2 protein chains.
Amino acid sequence: MNTTAKEHIFLSKAELAGLIDHTLLKPDATPGDILELCSQAISFGFKAVCVNPCYTTLVSRELSGSAVRVCTVVGFPLGASDPALKAVEAGAAVQDGASEIDVVMNLGFFKGGLLSQVQEDLVAVVKAARSENPQVVVKVILETCLLNDQEKIVACRLAVEAGADFVKTSTGFGKGGATIQDVALLRGEVGPSFGVKAAGGIRNLQTVLDIIKAGANRLGTSSGVSILLEHSNLIETQPG
Amino acid sequence: MNTTAKEHIFLSKAELAGLIDHTLLKPDATPGDILELCSQAISFGFKAVCVNPCYTTLVSRELSGSAVRVCTVVGFPLGASDPALKAVEAGAAVQDGASEIDVVMNLGFFKGGLLSQVQEDLVAVVKAARSENPQVVVKVILETCLLNDQEKIVACRLAVEAGADFVKTSTGFGKGGATIQDVALLRGEVGPSFGVKAAGGIRNLQTVLDIIKAGANRLGTSSGVSILLEHSNLIETQPG
């Protein structure tokens, strides 16, 4: 069993950390919690720290000089903000130091068939973010638990056409999170050169490895530290 | 049992409707759903319609000429927006026609002891909203499920001192909603002339009546229609 498990670990600890957005989006996360998150991200080498907008400036300051990227959320978690302000929120986040923006698609407009308004919403966010920093990475959260497969495909197309960089499965606040099936579906739809971020309910190493094999090239989780420790333990406790 | 039930109904159907914010905040609520909500609010005489910001303009247009008020949310549901943008969001909502603003307190700042920042956040929202319309009603959502009793008391004081009009128990997206105990505690703290709105998990007439007796003078629920029908059935099916 240990040998099998080890065979399945196709990534080093550093490679794994480099795929993880170390995330804390709970409404009652304190500045102290966020400082600890940043410190962990630097020591473990996570790809990014992902927090709510009220902490973007703090995180940006804490990660300054490190390789860890600053990620924040826009229109989160419902996606139902004033469309005019979603772009303003994105621009402000980049001004505050965010290098990655995870924006929630307007699901009500989408379900109501207002696809051009969904698209405009996303285009405005991409444009506002890039006008502050052309290198900003934009991820579009689809909230797949609320969509059927056909809707997931349409949503992927909107995200690609809007000029985003990633589709992301879930907010982590919906009734479901990332599934292997959804990750594979999204990867199939967006092709090999677009990003797929899996988030929501990712809490152990096996799930991470399965999700990466299904096609995700980024993971959002608040369990990054325990996942990396699980990786270390498995490697260290195994013979040969 | 019916007689007892009837004795407990101390409000007419119209009085009851006049205490209810008819609410639909689900992320996938379509424009069609919102139009139906407005139509129900007018026919049943609800106090307000409460929706996400992307629908404020639509609701404002639909309710124009009726007595039903337009309510939207700010910093919802996490309360962790960029503090500078919370006020912008509130001002924009009033410009779009909102006469009531339900804003989520910054819970992370609160838990971290940054009470003056929590207060500033709320004051800025009240000020921005009232600068557009001095009559706007501002309700501060405390998310009581995340607070202990002492914290609830402190949060009430911050809301009162910020110049808001109501404290509101819950977003409806947290791990718990309104409780009788919390409503009584909030009413005891803010006194008789301030507002107490109960929201989250209110789905039947008995709960509504208990919560009103505990001190709430406004209720947020997506079950307003069925609660009023329950009221009608109870009155109509009872002898004398």
# chains A, B, ... in the order shown; residues from 1 in each chain; ligands from 1
call {"tool": "interface_residues", "arguments": {"of": "chain A", "to": "chain B", "cutoff": "10 Å", "atoms": "only C-alpha atoms", "output": "NGL selection string"}}
result
:A and (25-34 or 51-57 or 73-86 or 88-89 or 92-93 or 96 or 104-114 or 143 or 146-147 or 173-174)
call {"tool": "write_last_selection", "arguments": {"atoms": "N, CA and C atoms", "output": "compact mmCIF listing (two decimals), in the first residue's frame"}}
result
# COMPACT_ATOMS: atom_id res chain seq x y z
N LEU A 25 -10.47 32.48 3.39
CA LEU A 25 -11.54 33.41 2.98
C LEU A 25 -12.67 33.46 4.01
N LYS A 26 -12.48 32.84 5.15
CA LYS A 26 -13.53 32.86 6.18
C LYS A 26 -13.81 34.30 6.61
N PRO A 27 -15.07 34.62 6.84
CA PRO A 27 -15.40 36.02 7.15
C PRO A 27 -14.78 36.52 8.46
N ASP A 28 -14.47 35.59 9.36
CA ASP A 28 -13.93 36.02 10.66
C ASP A 28 -12.42 35.80 10.78
N ALA A 29 -11.74 35.65 9.65
CA ALA A 29 -10.28 35.55 9.67
C ALA A 29 -9.71 36.90 10.13
N THR A 30 -8.85 36.85 11.14
CA THR A 30 -8.30 38.09 11.70
C THR A 30 -6.99 38.48 11.00
N PRO A 31 -6.54 39.71 11.19
CA PRO A 31 -5.22 40.09 10.67
C PRO A 31 -4.12 39.12 11.14
N GLY A 32 -4.22 38.65 12.37
CA GLY A 32 -3.24 37.68 12.88
C GLY A 32 -3.27 36.38 12.08
N ASP A 33 -4.46 35.90 11.78
CA ASP A 33 -4.59 34.68 10.96
C ASP A 33 -3.94 34.89 9.58
N ILE A 34 -4.13 36.07 9.04
CA ILE A 34 -3.60 36.36 7.69
C ILE A 34 -2.08 36.44 7.72
N VAL A 51 -6.82 35.74 -0.26
CA VAL A 51 -7.58 36.31 0.87
C VAL A 51 -8.70 37.23 0.37
N ASN A 52 -9.54 37.62 1.29
CA ASN A 52 -10.57 38.61 0.97
C ASN A 52 -9.94 39.99 0.75
N PRO A 53 -10.65 40.88 0.01
CA PRO A 53 -10.08 42.17 -0.37
C PRO A 53 -9.62 43.06 0.78
N CYS A 54 -10.25 42.94 1.96
CA CYS A 54 -9.84 43.82 3.06
C CYS A 54 -8.43 43.52 3.53
N TYR A 55 -7.87 42.38 3.07
CA TYR A 55 -6.51 42.01 3.48
C TYR A 55 -5.49 42.08 2.34
N THR A 56 -5.87 42.57 1.18
CA THR A 56 -4.94 42.59 0.05
C THR A 56 -3.69 43.42 0.36
N THR A 57 -3.89 44.59 0.93
CA THR A 57 -2.76 45.47 1.23
C THR A 57 -1.82 44.83 2.25
N VAL A 73 -10.12 38.13 -4.19
CA VAL A 73 -11.37 37.75 -4.86
C VAL A 73 -12.19 38.99 -5.20
N VAL A 74 -13.00 38.85 -6.24
CA VAL A 74 -13.85 39.96 -6.70
C VAL A 74 -15.28 39.42 -6.88
N GLY A 75 -16.24 40.20 -6.39
CA GLY A 75 -17.65 39.78 -6.50
C GLY A 75 -17.88 38.47 -5.77
N PHE A 76 -17.21 38.32 -4.67
CA PHE A 76 -17.12 37.03 -3.98
C PHE A 76 -18.00 36.98 -2.75
N PRO A 77 -18.66 35.86 -2.48
CA PRO A 77 -18.72 34.62 -3.26
C PRO A 77 -19.97 34.50 -4.14
N LEU A 78 -20.81 35.52 -4.20
CA LEU A 78 -22.09 35.34 -4.91
C LEU A 78 -22.04 35.75 -6.39
N GLY A 79 -21.08 36.58 -6.76
CA GLY A 79 -20.98 37.00 -8.16
C GLY A 79 -22.04 38.00 -8.57
N ALA A 80 -22.83 38.45 -7.60
CA ALA A 80 -24.02 39.25 -7.92
C ALA A 80 -23.86 40.72 -7.54
N SER A 81 -22.62 41.20 -7.54
CA SER A 81 -22.36 42.61 -7.28
C SER A 81 -22.92 43.46 -8.39
N ASP A 82 -22.99 44.74 -8.12
CA ASP A 82 -23.26 45.75 -9.15
C ASP A 82 -22.21 45.57 -10.25
N PRO A 83 -22.64 45.30 -11.49
CA PRO A 83 -21.65 45.06 -12.56
C PRO A 83 -20.63 46.20 -12.70
N ALA A 84 -21.08 47.43 -12.50
CA ALA A 84 -20.16 48.56 -12.64
C ALA A 84 -19.07 48.51 -11.56
N LEU A 85 -19.40 47.98 -10.41
CA LEU A 85 -18.44 47.99 -9.30
C LEU A 85 -17.51 46.79 -9.30
N LYS A 86 -17.87 45.73 -10.02
CA LYS A 86 -16.99 44.56 -10.07
C LYS A 86 -15.64 44.97 -10.69
N VAL A 88 -14.44 48.02 -10.78
CA VAL A 88 -13.80 48.93 -9.84
C VAL A 88 -13.08 48.14 -8.74
N GLU A 89 -13.74 47.10 -8.26
CA GLU A 89 -13.16 46.26 -7.20
C GLU A 89 -11.88 45.57 -7.71
N ALA A 92 -9.08 48.20 -8.00
CA ALA A 92 -8.59 48.58 -6.67
C ALA A 92 -7.73 47.46 -6.08
N ALA A 93 -8.13 46.23 -6.31
CA ALA A 93 -7.36 45.09 -5.78
C ALA A 93 -5.94 45.08 -6.36
N ASP A 96 -3.92 47.68 -4.88
CA ASP A 96 -3.52 47.29 -3.52
C ASP A 96 -2.43 46.22 -3.52
N VAL A 104 -15.97 35.95 -9.44
CA VAL A 104 -17.13 35.06 -9.60
C VAL A 104 -18.00 35.58 -10.75
N MET A 105 -18.27 34.69 -11.68
CA MET A 105 -19.18 34.97 -12.79
C MET A 105 -20.56 35.33 -12.24
N ASN A 106 -21.31 36.19 -12.93
CA ASN A 106 -22.69 36.48 -12.50
C ASN A 106 -23.59 35.31 -12.88
N LEU A 107 -23.91 34.50 -11.89
CA LEU A 107 -24.64 33.25 -12.14
C LEU A 107 -26.11 33.48 -12.43
N GLY A 108 -26.69 34.52 -11.86
CA GLY A 108 -28.10 34.81 -12.11
C GLY A 108 -28.32 35.28 -13.54
N PHE A 109 -27.43 36.16 -14.01
CA PHE A 109 -27.50 36.59 -15.41
C PHE A 109 -27.29 35.38 -16.33
N PHE A 110 -26.33 34.54 -15.95
CA PHE A 110 -26.02 33.35 -16.76
C PHE A 110 -27.24 32.43 -16.85
N LYS A 111 -27.84 32.14 -15.70
CA LYS A 111 -29.01 31.26 -15.68
C LYS A 111 -30.20 31.89 -16.39
N GLY A 112 -30.24 33.22 -16.41
CA GLY A 112 -31.32 33.92 -17.09
C GLY A 112 -31.06 34.10 -18.58
N GLY A 113 -29.93 33.57 -19.06
CA GLY A 113 -29.64 33.63 -20.49
C GLY A 113 -29.03 34.95 -20.95
N LEU A 114 -28.66 35.79 -20.02
CA LEU A 114 -28.06 37.09 -20.38
C LEU A 114 -26.56 36.92 -20.57
N GLU A 143 -18.53 28.37 -10.23
CA GLU A 143 -19.42 27.73 -9.23
C GLU A 143 -20.15 26.55 -9.89
N LEU A 146 -23.56 24.67 -9.27
CA LEU A 146 -24.84 25.24 -9.69
C LEU A 146 -25.10 25.09 -11.19
N LEU A 147 -24.17 24.46 -11.91
CA LEU A 147 -24.28 24.37 -13.37
C LEU A 147 -24.39 22.92 -13.84
N PHE A 173 -17.87 28.28 -0.99
CA PHE A 173 -19.01 28.68 -0.17
C PHE A 173 -20.33 28.13 -0.72
N GLY A 174 -20.27 27.42 -1.85
CA GLY A 174 -21.47 26.85 -2.44
C GLY A 174 -21.81 25.50 -1.83
call {"tool": "residues_around", "arguments": {"residues": "A:Gly215", "least_positions_apart": "5", "cutoff": "8 Å", "atoms": "only C-alpha atoms", "output": "list of chain:residue names"}}
result
A:Val183, A:Ala184, A:Arg187, A:Val196
call {"tool": "write_last_selection", "arguments": {"atoms": "all heavy atoms", "output": "PDB file, in the first residue's frame"}}
result
ATOM      1  N   VAL A 183     -13.228  18.927 -13.149  1.00  0.00           N
ATOM      2  CA  VAL A 183     -11.887  19.370 -13.548  1.00  0.00           C
ATOM      3  C   VAL A 183     -11.572  18.818 -14.946  1.00  0.00           C
ATOM      4  O   VAL A 183     -11.084  19.547 -15.824  1.00  0.00           O
ATOM      5  CB  VAL A 183     -10.830  18.925 -12.517  1.00  0.00           C
ATOM      6  CG1 VAL A 183      -9.418  19.120 -13.064  1.00  0.00           C
ATOM      7  CG2 VAL A 183     -11.009  19.694 -11.211  1.00  0.00           C
ATOM      8  N   ALA A 184     -11.871  17.543 -15.168  1.00  0.00           N
ATOM      9  CA  ALA A 184     -11.612  16.935 -16.479  1.00  0.00           C
ATOM     10  C   ALA A 184     -12.442  17.612 -17.569  1.00  0.00           C
ATOM     11  O   ALA A 184     -11.953  17.893 -18.664  1.00  0.00           O
ATOM     12  CB  ALA A 184     -11.910  15.439 -16.420  1.00  0.00           C
ATOM     13  N   ARG A 187     -10.964  21.117 -18.239  1.00  0.00           N
ATOM     14  CA  ARG A 187      -9.697  21.008 -18.976  1.00  0.00           C
ATOM     15  C   ARG A 187      -9.958  20.650 -20.435  1.00  0.00           C
ATOM     16  O   ARG A 187      -9.347  21.228 -21.347  1.00  0.00           O
ATOM     17  CB  ARG A 187      -8.795  19.963 -18.298  1.00  0.00           C
ATOM     18  CG  ARG A 187      -7.530  19.603 -19.070  1.00  0.00           C
ATOM     19  CD  ARG A 187      -6.658  20.806 -19.396  1.00  0.00           C
ATOM     20  NE  ARG A 187      -6.054  21.396 -18.207  1.00  0.00           N
ATOM     21  CZ  ARG A 187      -5.629  22.672 -18.165  1.00  0.00           C
ATOM     22  NH1 ARG A 187      -5.727  23.471 -19.220  1.00  0.00           N
ATOM     23  NH2 ARG A 187      -5.100  23.159 -17.049  1.00  0.00           N
ATOM     24  N   VAL A 196      -6.711  25.832 -15.304  1.00  0.00           N
ATOM     25  CA  VAL A 196      -7.857  25.261 -14.586  1.00  0.00           C
ATOM     26  C   VAL A 196      -7.494  25.198 -13.105  1.00  0.00           C
ATOM     27  O   VAL A 196      -6.554  24.495 -12.719  1.00  0.00           O
ATOM     28  CB  VAL A 196      -8.223  23.847 -15.094  1.00  0.00           C
ATOM     29  CG1 VAL A 196      -9.335  23.239 -14.226  1.00  0.00           C
ATOM     30  CG2 VAL A 196      -8.652  23.888 -16.561  1.00  0.00           C
TER      31      VAL A 196
END
call {"tool": "select_by_dssp", "arguments": {"residues": "stretch 164-212 of chain B", "states": "helix (DSSP H, G or I)", "output": "VMD selection string"}}
result
chain B and resid 180 to 190 205 to 212
call {"tool": "write_last_selection", "arguments": {"atoms": "C-alpha atoms", "output": "short mmCIF file (atom, residue, chain, number, x, y, z; two decimals), in the first residue's frame"}}
result
data_model
loop_
_atom_site.label_atom_id
_atom_site.label_comp_id
_atom_site.auth_asym_id
_atom_site.auth_seq_id
_atom_site.Cartn_x
_atom_site.Cartn_y
_atom_site.Cartn_z
CA ILE B 180 -35.05 33.78 19.70
CA GLN B 181 -32.25 34.24 22.23
CA ASP B 182 -30.20 36.44 19.93
CA VAL B 183 -33.17 38.60 18.97
CA ALA B 184 -33.97 39.15 22.65
CA LEU B 185 -30.34 39.93 23.42
CA LEU B 186 -30.05 42.42 20.55
CA ARG B 187 -33.34 44.11 21.48
CA GLY B 188 -32.22 44.41 25.09
CA GLU B 189 -28.96 45.99 24.00
CA VAL B 190 -30.16 48.50 21.39
CA LEU B 205 -45.37 31.35 10.95
CA GLN B 206 -44.63 30.10 14.44
CA THR B 207 -40.97 31.07 14.14
CA VAL B 208 -42.01 34.50 12.88
CA LEU B 209 -44.39 35.06 15.80
CA ASP B 210 -41.85 33.88 18.35
CA ILE B 211 -39.19 36.12 16.87
CA ILE B 212 -41.46 39.15 16.87
#
call {"tool": "residues_around", "arguments": {"residues": "B:Arg130", "least_positions_apart": "6", "cutoff": "10 Å", "atoms": "only C-alpha atoms", "output": "list in words"}}
result
Ala90, Gly91, Val94, Ser99, Ala124, Val136, Val137 and Val138 of chain B
call {"tool": "residues_around", "arguments": {"residues": "stretch 40-45 of chain B", "least_positions_apart": "4", "cutoff": "8 Å", "atoms": "only C-alpha atoms", "output": "NGL selection string"}}
result
:B and (14 or 17-18 or 22 or 36 or 49 or 63 or 66-68 or 225)
